[in-house]
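Student: Sharing data_37.cif (mmCIF, C-alpha atoms) below.
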```
data_input
#
loop_
_atom_site.label_atom_id
_atom_site.label_comp_id
_atom_site.auth_asym_id
_atom_site.auth_seq_id
_atom_site.Cartn_x
_atom_site.Cartn_y
_atom_site.Cartn_z
CA MET A 615 104.21 64.02 107.36
CA THR A 616 107.25 63.25 105.17
CA GLY A 617 107.00 65.05 101.92
CA THR A 618 104.59 67.71 103.08
CA LYS A 619 106.07 71.06 102.15
CA SER A 620 105.10 74.23 103.91
CA MET A 621 104.93 77.93 103.15
CA SER A 622 104.75 81.05 105.29
CA ILE A 623 103.84 84.53 104.16
CA ILE A 624 104.13 87.72 106.17
CA LEU A 625 101.69 90.17 104.62
CA HIS A 626 103.04 93.55 105.70
CA SER A 627 101.64 95.55 102.80
CA GLY A 628 98.04 96.69 102.46
CA ASP A 629 98.34 97.35 98.71
CA LEU A 630 95.76 95.58 96.56
CA ASP A 631 98.30 94.12 94.15
CA LYS A 632 100.59 92.80 96.89
CA ALA A 633 97.71 91.37 98.93
CA MET A 634 96.37 89.68 95.78
CA ALA A 635 99.78 88.17 95.07
CA ALA A 636 99.96 86.89 98.66
CA PHE A 637 96.53 85.22 98.61
CA ILE A 638 97.00 83.79 95.10
CA LEU A 639 100.30 82.22 96.22
CA ALA A 640 98.75 80.94 99.45
CA ALA A 641 95.72 79.46 97.68
CA GLY A 642 97.92 77.84 95.02
CA ALA A 643 100.22 76.31 97.63
CA ALA A 644 97.32 75.05 99.77
CA ALA A 645 95.68 73.54 96.67
CA LYS A 646 98.95 71.65 96.06
CA GLY A 647 98.69 70.20 99.57
CA MET A 648 101.23 72.47 101.24
CA ASN A 649 100.75 73.72 104.81
CA VAL A 650 100.36 77.48 104.56
CA THR A 651 100.55 80.09 107.31
CA MET A 652 99.83 83.77 106.66
CA PHE A 653 100.89 86.31 109.25
CA PHE A 654 99.24 89.74 109.01
CA THR A 655 101.26 92.67 110.24
CA PHE A 656 101.24 96.47 109.92
CA TRP A 657 99.28 97.57 106.82
CA GLY A 658 98.62 93.93 105.97
CA LEU A 659 96.43 93.64 109.04
CA GLY A 660 94.17 96.30 107.53
CA VAL A 661 93.25 93.89 104.74
CA MET A 662 91.81 91.55 107.36
CA LYS A 663 89.67 94.22 109.05
CA LYS A 664 85.96 94.06 108.32
CA GLY A 665 85.57 95.94 105.04
CA GLY A 666 89.36 96.19 104.66
CA ALA A 667 89.75 93.99 101.59
CA ASP A 668 87.45 96.22 99.56
CA LYS A 669 89.35 99.35 100.51
CA SER A 670 92.83 98.28 99.43
CA LYS A 671 94.35 100.13 96.48
CA LEU A 672 97.13 99.52 93.97
CA SER A 673 100.65 100.42 95.11
CA LYS A 674 101.21 102.39 91.91
CA MET A 675 98.59 104.70 90.52
CA ASN A 676 99.31 103.77 86.95
CA MET A 677 100.77 101.22 84.68
CA GLY A 678 99.72 102.23 81.24
CA GLY A 679 96.85 104.13 82.85
CA LEU A 680 95.73 101.17 84.91
CA GLY A 681 94.18 102.52 88.12
CA THR A 682 92.54 100.60 90.97
CA LYS A 683 89.01 100.87 89.57
CA MET A 684 90.06 99.92 86.06
CA MET A 685 92.16 97.04 87.42
CA LYS A 686 89.15 95.68 89.29
CA GLY A 687 87.11 95.86 86.10
CA VAL A 688 89.80 94.05 84.15
CA MET A 689 90.05 91.41 86.89
CA LYS A 690 86.32 90.81 86.74
CA LYS A 691 86.39 90.52 82.96
CA ASN A 692 89.24 88.01 83.21
CA ASN A 693 87.46 86.00 85.90
CA VAL A 694 90.19 86.75 88.42
CA ALA A 695 88.85 86.37 91.96
CA THR A 696 88.45 89.48 94.12
CA LEU A 697 90.49 89.82 97.29
CA THR A 698 87.44 88.85 99.38
CA GLU A 699 86.93 85.73 97.27
CA LEU A 700 90.63 84.84 97.51
CA ILE A 701 90.54 85.16 101.32
CA SER A 702 87.53 82.86 101.40
CA ASP A 703 89.23 80.35 99.03
CA CYS A 704 92.35 80.31 101.21
CA LYS A 705 90.29 79.68 104.33
CA GLU A 706 88.47 76.77 102.70
CA LEU A 707 91.77 75.32 101.55
CA GLY A 708 93.01 75.31 105.12
CA VAL A 709 95.37 78.30 105.09
CA ARG A 710 96.16 79.37 108.65
CA PHE A 711 95.55 83.09 109.28
CA VAL A 712 97.45 84.70 112.17
CA ALA A 713 96.95 88.34 113.17
CA CYS A 714 100.02 90.10 114.61
CA GLU A 715 99.38 90.85 118.25
CA MET A 716 101.68 93.87 118.38
CA THR A 717 100.09 95.46 115.32
CA MET A 718 96.62 95.00 116.83
CA SER A 719 97.80 96.78 119.92
CA LEU A 720 99.67 99.56 118.04
CA MET A 721 96.87 100.21 115.57
CA ASN A 722 94.19 99.80 118.22
CA VAL A 723 92.46 96.96 116.34
CA PRO A 724 90.55 94.64 118.70
CA LYS A 725 89.71 91.10 117.54
CA GLU A 726 86.09 92.17 116.89
CA MET A 727 87.24 94.47 114.09
CA LEU A 728 88.81 91.57 112.19
CA ILE A 729 86.93 89.33 109.77
CA SER A 730 85.87 86.00 111.25
CA GLU A 731 88.31 84.08 109.04
CA VAL A 732 91.09 85.27 111.37
CA THR A 733 90.89 82.87 114.29
CA GLU A 734 94.40 83.15 115.65
CA ILE A 735 96.47 85.92 117.19
CA GLY A 736 100.22 85.57 117.61
CA GLY A 737 103.60 87.20 117.92
CA VAL A 738 106.99 86.89 116.30
CA GLY A 739 107.50 83.51 118.02
CA THR A 740 104.38 82.09 116.36
CA TYR A 741 105.66 83.25 113.00
CA LEU A 742 109.17 81.90 113.51
CA ASP A 743 107.85 78.48 114.52
CA ALA A 744 105.94 78.25 111.25
CA ALA A 745 108.71 79.74 109.11
CA SER A 746 111.45 77.52 110.55
CA GLU A 747 109.51 74.51 109.29
CA GLY A 748 108.79 76.25 106.00
CA HIS A 749 110.29 75.55 102.62
CA VAL A 750 109.05 78.79 101.11
CA ASN A 751 108.97 81.88 103.32
CA LEU A 752 108.02 85.22 101.85
CA PHE A 753 107.73 88.79 103.15
CA ILE A 754 105.23 90.73 101.06
CA MET B 1121 125.76 72.81 115.16
CA THR B 1122 123.03 70.31 114.22
CA GLY B 1123 119.65 71.77 114.90
CA THR B 1124 120.75 75.40 114.77
CA LYS B 1125 118.44 77.18 112.38
CA SER B 1126 119.44 80.36 110.65
CA MET B 1127 117.78 83.41 109.17
CA SER B 1128 118.88 86.06 106.71
CA ILE B 1129 117.22 89.39 106.05
CA ILE B 1130 118.02 91.81 103.26
CA LEU B 1131 116.81 95.21 104.42
CA HIS B 1132 116.36 97.13 101.18
CA SER B 1133 113.71 99.52 102.46
CA GLY B 1134 114.33 102.56 104.61
CA ASP B 1135 110.71 102.85 105.73
CA LEU B 1136 110.19 102.94 109.49
CA ASP B 1137 107.54 100.22 109.50
CA LYS B 1138 109.55 97.83 107.32
CA ALA B 1139 112.78 98.44 109.23
CA MET B 1140 110.92 97.83 112.50
CA ALA B 1141 109.51 94.56 111.15
CA ALA B 1142 113.01 93.49 110.08
CA PHE B 1143 114.65 94.18 113.45
CA ILE B 1144 111.74 92.69 115.44
CA LEU B 1145 112.02 89.49 113.38
CA ALA B 1146 115.81 89.44 113.72
CA ALA B 1147 115.71 90.02 117.48
CA GLY B 1148 113.02 87.36 117.92
CA ALA B 1149 114.96 84.81 115.90
CA ALA B 1150 118.25 85.56 117.68
CA ALA B 1151 116.48 85.28 121.07
CA LYS B 1152 115.32 81.79 119.99
CA GLY B 1153 118.94 80.84 119.34
CA MET B 1154 118.92 81.19 115.57
CA ASN B 1155 121.92 82.54 113.65
CA VAL B 1156 120.77 85.78 112.08
CA THR B 1157 122.45 87.82 109.33
CA MET B 1158 121.09 91.18 108.22
CA PHE B 1159 122.31 92.66 104.95
CA PHE B 1160 121.72 96.39 104.45
CA THR B 1161 121.28 97.56 100.89
CA PHE B 1162 119.91 100.61 99.04
CA TRP B 1163 117.55 102.61 101.29
CA GLY B 1164 118.03 100.05 104.06
CA LEU B 1165 121.64 101.18 104.41
CA GLY B 1166 120.34 104.64 105.32
CA VAL B 1167 118.86 103.21 108.52
CA MET B 1168 122.37 102.23 109.61
CA LYS B 1169 123.86 105.66 108.98
CA LYS B 1170 124.58 107.74 112.06
CA GLY B 1171 121.26 109.43 112.84
CA GLY B 1172 119.51 107.37 110.14
CA ALA B 1173 117.27 105.30 112.41
CA ASP B 1174 115.64 108.43 113.80
CA LYS B 1175 114.95 109.84 110.35
CA SER B 1176 113.04 106.89 108.87
CA LYS B 1177 109.37 107.43 108.15
CA LEU B 1178 106.30 105.25 107.60
CA SER B 1179 105.84 103.89 104.07
CA LYS B 1180 102.24 105.11 104.05
CA MET B 1181 101.27 108.53 105.31
CA ASN B 1182 98.10 107.29 106.89
CA MET B 1183 96.29 104.30 108.21
CA GLY B 1184 93.26 105.70 109.95
CA GLY B 1185 95.20 108.95 110.32
CA LEU B 1186 98.25 107.29 111.80
CA GLY B 1187 101.29 109.32 110.76
CA THR B 1188 104.94 108.79 111.68
CA LYS B 1189 104.86 111.10 114.72
CA MET B 1190 101.63 109.63 116.04
CA MET B 1191 102.91 106.10 115.44
CA LYS B 1192 106.03 106.84 117.47
CA GLY B 1193 103.84 108.17 120.28
CA VAL B 1194 101.65 105.06 120.18
CA MET B 1195 104.75 102.83 120.15
CA LYS B 1196 106.10 104.58 123.22
CA LYS B 1197 102.77 104.23 125.02
CA ASN B 1198 102.70 100.52 124.17
CA ASN B 1199 106.29 100.03 125.31
CA VAL B 1200 107.38 99.02 121.83
CA ALA B 1201 111.12 99.58 121.40
CA THR B 1202 112.31 102.34 119.08
CA LEU B 1203 114.33 101.45 116.01
CA THR B 1204 117.53 102.53 117.78
CA GLU B 1205 116.71 100.29 120.73
CA LEU B 1206 115.87 97.37 118.42
CA ILE B 1207 119.21 97.74 116.61
CA SER B 1208 120.98 97.69 119.94
CA ASP B 1209 118.97 94.63 121.09
CA CYS B 1210 119.83 92.77 117.88
CA LYS B 1211 123.51 93.54 118.29
CA GLU B 1212 123.51 92.27 121.89
CA LEU B 1213 121.72 89.09 120.79
CA GLY B 1214 124.49 88.42 118.27
CA VAL B 1215 122.78 89.41 115.02
CA ARG B 1216 125.39 89.87 112.29
CA PHE B 1217 125.13 93.24 110.50
CA VAL B 1218 126.58 93.45 106.96
CA ALA B 1219 126.62 96.69 104.95
CA CYS B 1220 126.33 96.30 101.18
CA GLU B 1221 129.61 97.34 99.59
CA MET B 1222 128.04 98.38 96.29
CA THR B 1223 125.44 100.58 97.99
CA MET B 1224 128.14 102.29 100.06
CA SER B 1225 129.99 103.06 96.87
CA LEU B 1226 126.87 104.15 94.91
CA MET B 1227 125.48 106.32 97.70
CA ASN B 1228 128.89 107.60 98.67
CA VAL B 1229 128.63 106.35 102.25
CA PRO B 1230 132.05 105.64 103.78
CA LYS B 1231 132.30 103.30 106.77
CA GLU B 1232 132.69 106.28 109.11
CA MET B 1233 129.15 107.41 108.34
CA LEU B 1234 127.70 104.10 109.58
CA ILE B 1235 126.85 103.39 113.20
CA SER B 1236 129.48 101.37 115.07
CA GLU B 1237 127.18 98.33 115.30
CA VAL B 1238 127.95 97.67 111.62
CA THR B 1239 131.30 95.91 111.72
CA GLU B 1240 131.19 94.08 108.42
CA ILE B 1241 131.06 95.10 104.76
CA GLY B 1242 130.20 92.58 102.06
CA GLY B 1243 128.82 91.89 98.63
CA VAL B 1244 126.27 89.60 97.06
CA GLY B 1245 128.55 86.62 97.68
CA THR B 1246 128.58 87.29 101.42
CA TYR B 1247 124.80 87.43 101.41
CA LEU B 1248 124.41 84.26 99.35
CA ASP B 1249 126.74 82.30 101.63
CA ALA B 1250 124.56 83.19 104.62
CA ALA B 1251 121.25 82.72 102.80
CA SER B 1252 122.20 79.33 101.33
CA GLU B 1253 122.60 78.03 104.87
CA GLY B 1254 119.44 79.80 105.99
CA HIS B 1255 116.08 78.29 106.79
CA VAL B 1256 114.25 81.62 106.66
CA ASN B 1257 115.42 84.19 104.09
CA LEU B 1258 113.48 87.42 103.70
CA PHE B 1259 113.76 90.47 101.45
CA ILE B 1260 112.22 93.48 103.20
CA MET C 1115 122.54 67.14 91.56
CA THR C 1116 123.46 66.79 95.23
CA GLY C 1117 124.86 69.99 96.51
CA THR C 1118 123.31 72.20 93.86
CA LYS C 1119 121.47 74.96 95.65
CA SER C 1120 118.65 76.85 94.04
CA MET C 1121 117.06 80.28 94.29
CA SER C 1122 113.73 81.70 93.23
CA ILE C 1123 112.80 85.36 92.98
CA ILE C 1124 109.34 86.79 92.39
CA LEU C 1125 109.87 90.26 90.95
CA HIS C 1126 106.60 92.02 91.72
CA SER C 1127 108.01 95.54 91.80
CA GLY C 1128 108.85 97.64 88.78
CA ASP C 1129 111.04 100.05 90.74
CA LEU C 1130 114.56 100.48 89.39
CA ASP C 1131 116.27 99.88 92.72
CA LYS C 1132 114.28 96.73 93.49
CA ALA C 1133 114.68 95.32 89.98
CA MET C 1134 118.42 95.98 90.19
CA ALA C 1135 118.63 94.18 93.53
CA ALA C 1136 116.73 91.23 92.04
CA PHE C 1137 118.98 90.86 88.98
CA ILE C 1138 122.19 91.43 90.96
CA LEU C 1139 121.15 88.66 93.38
CA ALA C 1140 120.13 86.37 90.51
CA ALA C 1141 123.36 86.95 88.58
CA GLY C 1142 125.45 86.43 91.72
CA ALA C 1143 123.67 83.19 92.56
CA ALA C 1144 123.91 81.86 89.00
CA ALA C 1145 127.61 82.75 88.89
CA LYS C 1146 128.04 80.63 92.06
CA GLY C 1147 126.46 77.70 90.21
CA MET C 1148 123.00 77.92 91.77
CA ASN C 1149 119.84 77.18 89.75
CA VAL C 1150 117.94 80.45 89.58
CA THR C 1151 114.33 81.06 88.55
CA MET C 1152 112.87 84.55 88.27
CA PHE C 1153 109.11 84.94 88.08
CA PHE C 1154 107.83 88.28 86.78
CA THR C 1155 104.47 89.43 88.09
CA PHE C 1156 102.45 92.68 88.29
CA TRP C 1157 104.73 95.73 87.93
CA GLY C 1158 107.74 93.41 87.68
CA LEU C 1159 106.47 92.19 84.32
CA GLY C 1160 106.78 95.75 83.02
CA VAL C 1161 110.55 95.55 83.42
CA MET C 1162 110.56 92.68 80.91
CA LYS C 1163 108.51 94.55 78.31
CA LYS C 1164 110.45 95.85 75.31
CA GLY C 1165 111.84 99.20 76.46
CA GLY C 1166 110.62 98.52 80.03
CA ALA C 1167 114.01 98.24 81.72
CA ASP C 1168 114.97 101.74 80.62
CA LYS C 1169 111.74 103.24 81.94
CA SER C 1170 111.91 101.96 85.52
CA LYS C 1171 112.42 104.57 88.22
CA LEU C 1172 113.63 104.63 91.81
CA SER C 1173 111.01 103.76 94.46
CA LYS C 1174 111.95 106.86 96.42
CA MET C 1175 112.49 110.19 94.75
CA ASN C 1176 115.38 111.11 96.95
CA MET C 1177 118.04 109.87 99.23
CA GLY C 1178 120.17 112.85 99.96
CA GLY C 1179 118.96 114.29 96.64
CA LEU C 1180 119.67 111.13 94.67
CA GLY C 1181 117.10 110.92 91.88
CA THR C 1182 116.78 108.35 89.09
CA LYS C 1183 118.88 110.27 86.58
CA MET C 1184 121.62 111.05 89.08
CA MET C 1185 121.59 107.44 90.28
CA LYS C 1186 122.11 106.20 86.74
CA GLY C 1187 125.03 108.61 86.37
CA VAL C 1188 126.57 107.42 89.62
CA MET C 1189 126.07 103.80 88.57
CA LYS C 1190 127.86 104.42 85.31
CA LYS C 1191 130.73 106.17 87.08
CA ASN C 1192 131.02 103.21 89.46
CA ASN C 1193 130.93 100.69 86.62
CA VAL C 1194 127.68 99.19 87.93
CA ALA C 1195 125.82 97.42 85.13
CA THR C 1196 122.56 98.90 83.86
CA LEU C 1197 119.33 96.95 84.24
CA THR C 1198 119.49 95.93 80.58
CA GLU C 1199 123.05 94.67 81.01
CA LEU C 1200 122.09 92.80 84.19
CA ILE C 1201 119.17 91.07 82.41
CA SER C 1202 121.54 90.03 79.65
CA ASP C 1203 124.13 88.78 82.18
CA CYS C 1204 121.49 86.74 83.99
CA LYS C 1205 120.35 85.15 80.75
CA GLU C 1206 123.91 84.19 79.80
CA LEU C 1207 124.45 82.69 83.24
CA GLY C 1208 121.42 80.46 82.72
CA VAL C 1209 118.84 82.22 84.91
CA ARG C 1210 115.34 81.00 84.02
CA PHE C 1211 112.89 83.82 83.26
CA VAL C 1212 109.17 83.08 83.68
CA ALA C 1213 106.46 85.63 82.84
CA CYS C 1214 103.29 85.42 84.96
CA GLU C 1215 100.44 84.28 82.77
CA MET C 1216 97.74 86.00 84.82
CA THR C 1217 99.57 89.34 84.80
CA MET C 1218 99.98 89.14 81.01
CA SER C 1219 96.27 88.62 80.70
CA LEU C 1220 95.33 91.31 83.26
CA MET C 1221 97.69 93.93 81.88
CA ASN C 1222 97.00 92.94 78.30
CA VAL C 1223 100.64 92.15 77.53
CA PRO C 1224 101.00 89.57 74.75
CA LYS C 1225 104.23 87.60 74.44
CA GLU C 1226 105.35 89.80 71.53
CA MET C 1227 105.58 92.79 73.87
CA LEU C 1228 108.12 91.01 76.07
CA ILE C 1229 111.86 91.01 75.44
CA SER C 1230 113.15 87.86 73.77
CA GLU C 1231 115.02 86.79 76.91
CA VAL C 1232 111.66 85.73 78.37
CA THR C 1233 111.05 82.32 76.84
CA GLU C 1234 108.66 80.86 79.36
CA ILE C 1235 105.15 81.70 80.57
CA GLY C 1236 103.74 80.14 83.70
CA GLY C 1237 101.37 80.34 86.63
CA VAL C 1238 101.53 80.01 90.38
CA GLY C 1239 102.09 76.25 89.99
CA THR C 1240 105.24 76.85 87.95
CA TYR C 1241 106.54 79.20 90.61
CA LEU C 1242 105.72 76.85 93.50
CA ASP C 1243 107.48 73.93 91.81
CA ALA C 1244 110.67 76.00 91.56
CA ALA C 1245 110.35 77.55 95.02
CA SER C 1246 109.66 74.25 96.77
CA GLU C 1247 113.04 73.03 95.56
CA GLY C 1248 114.64 76.33 96.42
CA HIS C 1249 116.98 77.12 99.26
CA VAL C 1250 116.57 80.88 98.92
CA ASN C 1251 113.15 82.22 97.89
CA LEU C 1252 112.59 85.96 97.77
CA PHE C 1253 109.63 88.22 96.98
CA ILE C 1254 110.87 91.58 95.74
#
```
Before we go any further, please render this structure as structure tokens.

Tutor:
Amino acid sequence: MTGTKSMSIILHSGDLDKAMAAFILAAGAAAKGMNVTMFFTFWGLGVMKKGGADKSKLSKMNMGGLGTKMMKGVMKKNNVATLTELISDCKELGVRFVACEMTMSLMNVPKEMLISEVTEIGGVGTYLDAASEGHVNLFI
Amino acid sequence: MTGTKSMSIILHSGDLDKAMAAFILAAGAAAKGMNVTMFFTFWGLGVMKKGGADKSKLSKMNMGGLGTKMMKGVMKKNNVATLTELISDCKELGVRFVACEMTMSLMNVPKEMLISEVTEIGGVGTYLDAASEGHVNLFI
Amino acid sequence: MTGTKSMSIILHSGDLDKAMAAFILAAGAAAKGMNVTMFFTFWGLGVMKKGGADKSKLSKMNMGGLGTKMMKGVMKKNNVATLTELISDCKELGVRFVACEMTMSLMNVPKEMLISEVTEIGGVGTYLDAASEGHVNLFI
């Protein structure tokens, strides 16, 4: 195990641009051979609900007139993966997806409402175990 | 001291959901025996003003219709601690609270306006000293 | 190199208060002798566009009536550096500025539109190399 670096990401935001950043970082790290754990909490859990990835929107309405729809068009033109594709890439690369138990309870989201890629449910202890081993720990 | 892990959190946001995440993480880490430092800056300092914890609101108006008031009701029903209770828990567990000196000066917040749990005032150097020793460093 | 700590910051936000926090942290760390890498992505790249630092606004309209203009006035009165000054300080202190290649392509921002302080363009791999060596890694 010596030499294996690890990364943890708490995805708290449900914004399209922040979720994209999180999955791009996770996929990149996993592709480099790092152990990656993503922990989905609050609005971030919404991204992992069935149909949730398609519904997420940009955190800012505009940047030089760039809205959510336009951004998606530009992403497609630039061959940037969609959020759904990024989630699938991460899963294939072995990224560990953990849904926050408390958020599920607060937001009334049973396991059945989550996409099948989420196979684990955990609390703050689960996160801290992963993060304490981590070399790169981000809150997004 | 060998084996003692540490965590630092900059709470920059004053949003209810982000502040809750910060204190839940801090309390969880302190309960596990980690050294935890929280540094309150910009809007995050507002949470530590007298009466500030009660005033914080969700960063998003809605998630399936879930507003601040409704969220607080759901939290109560699910026995999730309020922000005020979480702050008190963190303090009892030995979490170190540091108010950002520059923010206090910029926002015109004298020490007397902060809750008594905040016993320390510091700058970026204070934060960096704690974070450099830290195993988990988050900006929330 | 033993003993040299390092820091990485992803600046994803274009908000004035978050950008300020990022550059204040970076300048403080560099002044302490740490190796600092800043990676500019999404809205954060906008701050590094020519004229971009002056255009950034507070993430919240108000905190006790404190708007962007008023905040800038208060900063000046308190001798807090402007964003432009902070960027310049960071550069002089040796902070490494990396523009996100994918964001440049998505937002249609050629290198010529960026301020001259940004001398490097990179992807997620560039970031991960810096962050894996880092002792303090923040996503802002």

Student: If we count only C-alpha atoms, what is near segment 642-649 of chain A at a cut-off of 6 Å, once residues fewer than 2 positions away on the same chain are taken out, given as a list in words?

Tutor: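 In the requested format, the answer is Lys619, Ser620, Leu639, Ala640 and Leu707 of chain A.
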
Student: For this structure, which residues satisfy the selection - the PyMOL selection byres ((chain C) within 10 of (chain A)) - when it is evaluated on the file as given? I want them as a VMD selection string.

Tutor: chain C and resid 1122 1124 1126 to 1128 1155 to 1157 1160 1216 to 1217 1219 to 1222 1237 to 1239 1241 to 1243 1245 to 1254

Student: Work out how far atom CA of Ala1201 of chain B is from atom CA of Gly1164 of chain B, in Å to one decimal.

Tutor: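 Between these atoms lies a distance of 18.7 Å.
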
Student: Counting only C-alpha atoms, find residues at most 12 Å from (122.9, 86.4, 78.9) (file frame) and give them as a PyMOL selection string.

Tutor: chain C and resi 1137+1140-1141+1144-1145+1198-1211+1230-1232

Student: Can you list, as a ChimeraX atom specification, the residues that the PyMOL selection byres ((chain A and resi 668) around 9) selects here?

Tutor: /A:630,661,665-667,669-671,696-698

Student: Between atom CA of Glu726 of chain A and atom CA of Leu625 of chain A, what is the distance in Å, rounded to a tenth?

Tutor: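 We find that atom CA of Glu726 of chain A and atom CA of Leu625 of chain A lie 19.9 Å from each other.
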
Student: So what do you get for atom CA of Phe654 of chain A versus atom CA of Phe1153 of chain C, distance-wise?

Tutor: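 Taking atom CA of Phe654 of chain A as the start and atom CA of Phe1153 of chain C as the end point, the length is 23.6 Å.
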
Student: For segment 692-696 of chain A, what centre and edge lengths in Å (one decimal) does the axis-aligned box get once 5 Å is added on each side of all its listed atoms, as JSON?

Tutor:
```
{"center_x": 88.8, "center_y": 87.7, "center_z": 88.7, "size_x": 12.7, "size_y": 13.5, "size_z": 20.9}
```
